[in-house]
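Please read the structure below before turning to the comments.
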There are 2 protein chains.
Amino acid sequence: MIDPPYLLYLGNSTDHYAIKTARGLAVFRPELCIGEYRGNACTLTLELPRMTFAEAVAAGARTMVLGIVNAGGTLDPDVVDDCIAAMEAGLDLASGLHQRMNGEPRLVAAAVHTGRRMHDIRTPPADLVVGSGDPRPGNRLLTVGTDCSSGKMYTTLALHRAMQARGIPCDFRATGQTGIMVAAAGIPLDAVIADFISGAIEQLAPARHDEGWDLIEGQGSLFHPSFAGVSTGLLHGAQPAALVMCHDPSRRVMRGMTDRAPPDLGECIAANLATARLTSQGVRMAGIALNTSAMDHQDAVAMCLRLQDEHGLPCTDPHRMGVEPILDALLGTTQGGAQRAAQV
Amino acid sequence: MIDPPYLLYLGNSTDHYAIKTARGLAVFRPELCIGEYRGNACTLTLELPRMTFAEAVAAGARTMVLGIVNAGGTLDPDVVDDCIAAMEAGLDLASGLHQRMNGEPRLVAAAVHTGRRMHDIRTPPADLVVGSGDPRPGNRLLTVGTDCSSGKMYTTLALHRAMQARGIPCDFRATGQTGIMVAAAGIPLDAVIADFISGAIEQLAPARHDEGWDLIEGQGSLFHPSFAGVSTGLLHGAQPAALVMCHDPSRRVMRGMTDRAPPDLGECIAANLATARLTSQGVRMAGIALNTSAMDHQDAVAMCLRLQDEHGLPCTDPHRMGVEPILDALLGTTQGGAQRAAQV
């Protein structure tokens, strides 16, 4: 539905978390990304060729992807200006922001005028229902985190790749804008009506009767005051056999907060397991996925070993060290969680 | 905006929880309710005069309130038929169901044809933002529950009345369809986009600088697999100084579930306090509100005394015995919760 190849729009972003959608596409779908658009104030790059809108069209780009996020997900006026210029140059648009392009009168007018298409991917299905909590068969893994932007999507996609490489049937279940753009399917969970959060996950990861796995991308954190409701509904809807805890040990203040420290890792593991048990009594933690990008290699390895000892769980940086240790632990849990509960 | 007096529509309901919106209006706004409409299969009554649509119009009714709820909040075909007949008889409509009357083509056509108005009160404000979690001054109380439909709205309204009677400044903050109809204000929390749950409550119960109280109507339960996400966001957004735990001791299976038992009361109290502490470190439980309608008076009193001993908290049935014991305990917590946290 969204025509590749893509020009990735970074705008004037200066915070590398803010371009995680663009980075996700560049890392997991490099074959679809032919360039990046950076505003004059942008301090970041994905090391793709820097292009103007006209240059991107000349290079074959069909769609500009708004690869940026901000709290609230609004379309800032300068972003709207750029979108209009991109459409005038001949590009379609795709956006995962909360604020819909198709609800912004200037953009709608420009789309009509230029004949370009605007894809708002953060529009959930219309047929969602309230979650039932009924046990369903299948192996499901959910990534959780000590904070937002702590590596949940990256870890889930890395587990998906590694599991595919082992020949195990598995599906990546996307719940956020970046994951949905990467997978070309999914449900934008944070745009779902509050009553339907767990029901949306029951629909996204339905009963499964092979020995394979649904790998569900987590959102938010039980300890983030803005988003813990979403994380709670996700834990209950997923009925996970296994969780993987994602953590950025360099984080001093939680994402979007002024002075709130991230939770203690052990406390966060315990709270996620306790919440998940409501619908999946046998749930277990399969491992810890660290983002050690702020550390040198030796320190990163030392920290993984220390946390592994401390929590009795495999600990790795999926980007630096792969996810094999978690996968090894996980595949001992095949009969755990909701499936076991369903069989009792 | 919604013209009284009301005809309360009970439809063919046979489950007394399903008519809680109608009952809330009949109990807390009796002066606005002149009759009830019962279908032939309806086994319930609010002891208002039973009226046809034409009789209600002749008696002066201006609006028919769909006083029913069902899981999913859909407009069943027979309800749509009745709504059309009511508009043809001369009544406006008000509904708090998820499924909007203004999105149902047959109803829209009938409204145009008859010139009647249809009020969908489950439409949240358009200007909601993500919650900040920043401490804000003010005394806030939130009702929580072991299950859905466990008396949270009733208890909150009873506390509001009792506090007003003591001359304490206070506001009832409605979060559900019935509360909003009773208060003629509020935010339908379960219709809010998932990312904005806690932000909606920060907006609904803003900083308060007098010595008064915001009394916030709770929703769902941390232990209900369908709705715990909403309950979590509500706890975090409310930054409550105090909680009141609402519980129906006669409940054997949780609302809408096939075989799930309600949680242990002590475990539920502990989990709610633990979740609330994320944004309100000094939060305390002010009391337990029981719905003892299935018990005789002597048994009800005995159970209140037993739970009071067991949990070290005042315990009462607000409907039968009033809320004074909880209010007495509460007014010892004036400097607790978020306000104390904000002063540290």
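Labels used: A, B, ... for chains in the order of the structure tokens, numbers from 1 for residues in each chain, and numbers from 1 for ligands as shown.
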**OP:** Identify every residue of chain A that has at least one atom within 9 Å of any atom of chain B, counting only C-alpha atoms, and report the result as a ChimeraX atom specification.
**Re:** /A:71-72,129-134,189-199,222-234,236-237,256-258,275,278-279
Those selected residues, please, written with N, CA and C atoms and delivered as a CSV table (one decimal), in the first residue's frame.
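again.csv was written with the following content:
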```csv
chain,number,residue,atom,x,y,z
A,71,ALA,N,6.6,13.6,21.9
A,71,ALA,CA,5.6,13.3,22.8
A,71,ALA,C,4.3,14.0,22.4
A,72,GLY,N,3.3,13.3,22.3
A,72,GLY,CA,2.0,13.9,21.8
A,72,GLY,C,1.8,13.6,20.3
A,129,VAL,N,-12.4,-5.2,19.8
A,129,VAL,CA,-13.4,-5.5,20.9
A,129,VAL,C,-12.6,-5.5,22.2
A,130,VAL,N,-13.4,-5.5,23.3
A,130,VAL,CA,-12.8,-5.6,24.6
A,130,VAL,C,-12.2,-7.0,24.8
A,131,GLY,N,-11.0,-7.0,25.5
A,131,GLY,CA,-10.3,-8.3,25.7
A,131,GLY,C,-11.1,-9.2,26.6
A,132,SER,N,-10.9,-10.5,26.3
A,132,SER,CA,-11.7,-11.5,27.1
A,132,SER,C,-10.9,-12.1,28.2
A,133,GLY,N,-9.6,-12.1,28.0
A,133,GLY,CA,-8.7,-12.7,29.0
A,133,GLY,C,-8.8,-14.2,29.0
A,134,ASP,N,-9.6,-14.8,28.1
A,134,ASP,CA,-9.7,-16.3,28.0
A,134,ASP,C,-8.3,-16.8,27.5
A,189,LEU,N,-0.8,0.4,18.9
A,189,LEU,CA,-1.5,0.2,20.2
A,189,LEU,C,-1.8,1.5,20.9
A,190,ASP,N,-0.9,2.5,20.9
A,190,ASP,CA,-1.1,3.7,21.6
A,190,ASP,C,-2.2,4.6,21.0
A,191,ALA,N,-2.7,4.2,19.9
A,191,ALA,CA,-3.8,5.0,19.2
A,191,ALA,C,-5.1,4.3,19.4
A,192,VAL,N,-5.1,3.1,20.1
A,192,VAL,CA,-6.3,2.4,20.3
A,192,VAL,C,-7.1,3.0,21.5
A,193,ILE,N,-8.4,2.9,21.4
A,193,ILE,CA,-9.3,3.4,22.5
A,193,ILE,C,-9.0,2.6,23.8
A,194,ALA,N,-8.9,3.3,24.9
A,194,ALA,CA,-8.4,2.7,26.1
A,194,ALA,C,-9.1,1.4,26.5
A,195,ASP,N,-10.4,1.3,26.3
A,195,ASP,CA,-11.1,0.1,26.7
A,195,ASP,C,-10.7,-1.2,25.9
A,196,PHE,N,-10.0,-0.9,24.7
A,196,PHE,CA,-9.7,-2.0,23.8
A,196,PHE,C,-8.3,-2.4,23.8
A,197,ILE,N,-7.5,-1.9,24.7
A,197,ILE,CA,-6.0,-2.2,24.6
A,197,ILE,C,-5.7,-3.7,24.7
A,198,SER,N,-6.2,-4.4,25.7
A,198,SER,CA,-5.9,-5.8,25.8
A,198,SER,C,-6.6,-6.6,24.6
A,199,GLY,N,-7.8,-6.2,24.3
A,199,GLY,CA,-8.5,-6.8,23.1
A,199,GLY,C,-7.7,-6.7,21.8
A,222,LEU,N,5.8,-0.2,32.7
A,222,LEU,CA,4.9,-0.1,33.9
A,222,LEU,C,5.3,1.0,34.8
A,223,PHE,N,6.6,1.5,34.7
A,223,PHE,CA,7.0,2.6,35.6
A,223,PHE,C,7.1,3.9,34.9
A,224,HIS,N,6.5,4.1,33.7
A,224,HIS,CA,6.4,5.4,33.1
A,224,HIS,C,5.0,6.0,33.4
A,225,PRO,N,5.0,7.1,34.1
A,225,PRO,CA,3.6,7.7,34.5
A,225,PRO,C,2.8,8.1,33.3
A,226,SER,N,3.3,8.3,32.2
A,226,SER,CA,2.5,8.7,31.0
A,226,SER,C,1.9,7.4,30.3
A,227,PHE,N,2.6,6.3,30.3
A,227,PHE,CA,2.2,5.2,29.4
A,227,PHE,C,2.0,3.9,30.1
A,228,ALA,N,2.0,3.8,31.4
A,228,ALA,CA,1.9,2.5,32.1
A,228,ALA,C,0.6,1.8,31.8
A,229,GLY,N,-0.5,2.6,31.5
A,229,GLY,CA,-1.8,2.0,31.2
A,229,GLY,C,-1.7,1.1,29.9
A,230,VAL,N,-1.0,1.6,28.9
A,230,VAL,CA,-0.8,0.9,27.7
A,230,VAL,C,0.0,-0.4,28.0
A,231,SER,N,1.1,-0.2,28.8
A,231,SER,CA,1.9,-1.4,29.1
A,231,SER,C,1.2,-2.5,29.8
A,232,THR,N,0.3,-2.0,30.7
A,232,THR,CA,-0.5,-3.0,31.5
A,232,THR,C,-1.5,-3.8,30.6
A,233,GLY,N,-2.2,-3.1,29.8
A,233,GLY,CA,-3.1,-3.7,28.9
A,233,GLY,C,-2.4,-4.7,27.9
A,234,LEU,N,-1.2,-4.3,27.5
A,234,LEU,CA,-0.4,-5.1,26.6
A,234,LEU,C,0.0,-6.4,27.3
A,236,HIS,N,-1.5,-7.9,29.7
A,236,HIS,CA,-2.7,-8.8,29.9
A,236,HIS,C,-3.2,-9.4,28.6
A,237,GLY,N,-3.2,-8.6,27.5
A,237,GLY,CA,-3.7,-9.1,26.3
A,237,GLY,C,-2.7,-10.1,25.7
A,256,GLY,N,11.1,11.9,28.5
A,256,GLY,CA,10.0,12.9,28.6
A,256,GLY,C,9.8,13.4,30.0
A,257,MET,N,10.5,12.9,31.0
A,257,MET,CA,10.3,13.4,32.4
A,257,MET,C,11.3,14.4,32.7
A,258,THR,N,11.1,15.2,33.7
A,258,THR,CA,12.0,16.2,34.1
A,258,THR,C,13.1,15.7,35.1
A,275,THR,N,2.3,-8.5,37.0
A,275,THR,CA,1.2,-8.0,36.2
A,275,THR,C,0.8,-9.1,35.2
A,278,LEU,N,-1.6,-12.2,35.8
A,278,LEU,CA,-3.1,-12.2,35.8
A,278,LEU,C,-3.7,-13.0,34.7
A,279,THR,N,-3.0,-13.0,33.5
A,279,THR,CA,-3.6,-13.8,32.4
A,279,THR,C,-2.7,-14.9,32.0
```
Original post:
Which neighbours of stretch 184-188 of chain B fall inside 10 Å, counting only C-alpha atoms, when residues of the same chain fewer than 5 positions from it are skipped, and could you give them as a VMD selection string?
Top reply: chain B and resid 1 to 2 96 98 121 to 125 172 to 179 200 to 201 203 to 205 216 to 217
Subject >> Nearby residues (only C-alpha atoms) at most 12 Å from A:Val57, same-chain spacing under 4 positions excluded, as a list in words >> reply: Pro4, Pro5, Tyr6, Leu7, Ile34, Gly35, Tyr37, Met51, Thr52, Phe53, Ala61, Arg62, Thr63, Met64, Ala86, Met87, Glu88, Ala89, Gly90, Leu91 and Asp92 of chain A
**OP:** Would you mind listing what lies within 7 Å of B:Cys246 as an MDAnalysis selection string, with only C-alpha atoms counted and same-chain residues fewer than 6 positions away left out?
**Re:** chainID B and resid 143:146 150:152 288:290
Kindly save the residues from that selection, with C-alpha atoms included, as a short mmCIF file (atom, residue, chain, number, x, y, z; two decimals), in the first residue's frame.
```
data_model
loop_
_atom_site.label_atom_id
_atom_site.label_comp_id
_atom_site.auth_asym_id
_atom_site.auth_seq_id
_atom_site.Cartn_x
_atom_site.Cartn_y
_atom_site.Cartn_z
CA THR B 143 -12.11 5.10 44.17
CA VAL B 144 -10.70 1.75 43.03
CA GLY B 145 -12.24 -1.71 42.99
CA THR B 146 -11.78 -5.44 43.08
CA SER B 150 -18.27 -2.69 42.29
CA GLY B 151 -19.70 0.64 43.49
CA LYS B 152 -16.98 3.14 42.58
CA ILE B 288 -13.33 -0.05 52.17
CA ALA B 289 -16.76 0.50 50.60
CA LEU B 290 -18.83 -2.66 50.37
#
```
Original post:
Excluding same-chain residues fewer than 2 positions from A:Glu104, what lies within 12 Å of it counting only C-alpha atoms, as a list in words?
Top reply: Thr74, Leu75, Asp76, Pro77, Val79, Val80, Asp81, Cys83, Ile84, His98, Gln99, Arg100, Met101, Asn102, Arg106, Leu107, Val108, Ala109, Ala110, Ala111, Met118 and Asp120 of chain A
**OP:** Quick one: everything within 12 Å of B:Glu310, counting only C-alpha atoms, minus sequence neighbours fewer than 6 positions away in the same chain. Send it as number ranges by chain.
**Re:** B: 265-266, 288, 303-304
Original post:
stretch 61-259 of chain B: which residues are alpha helix (DSSP H) by DSSP, as a ChimeraX atom specification?
Top reply: /B:77-89,105-114,152-165,177-183,197-204,228-238
**OP:** Please indicate the distance in Å from atom CA of A:Tyr9 to atom CA of A:Leu25, rounded to one decimal place.
**Re:**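 Answer for the atom CA of A:Tyr9 to atom CA of A:Leu25 separation: 11.4 Å.
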Original post:
Got a sec: who's within 10 Å of A:Leu10, counting only C-alpha atoms, leaving out chain neighbours fewer than 3 positions off, as number ranges by chain?
Top reply: A: 7, 13-14, 16, 18-23, 36-39, 42-46, 65-69, 79
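The interatomic distance for the pair atom CA of B:Gln164 and atom CA of B:His247 works out to 24.2 Å.
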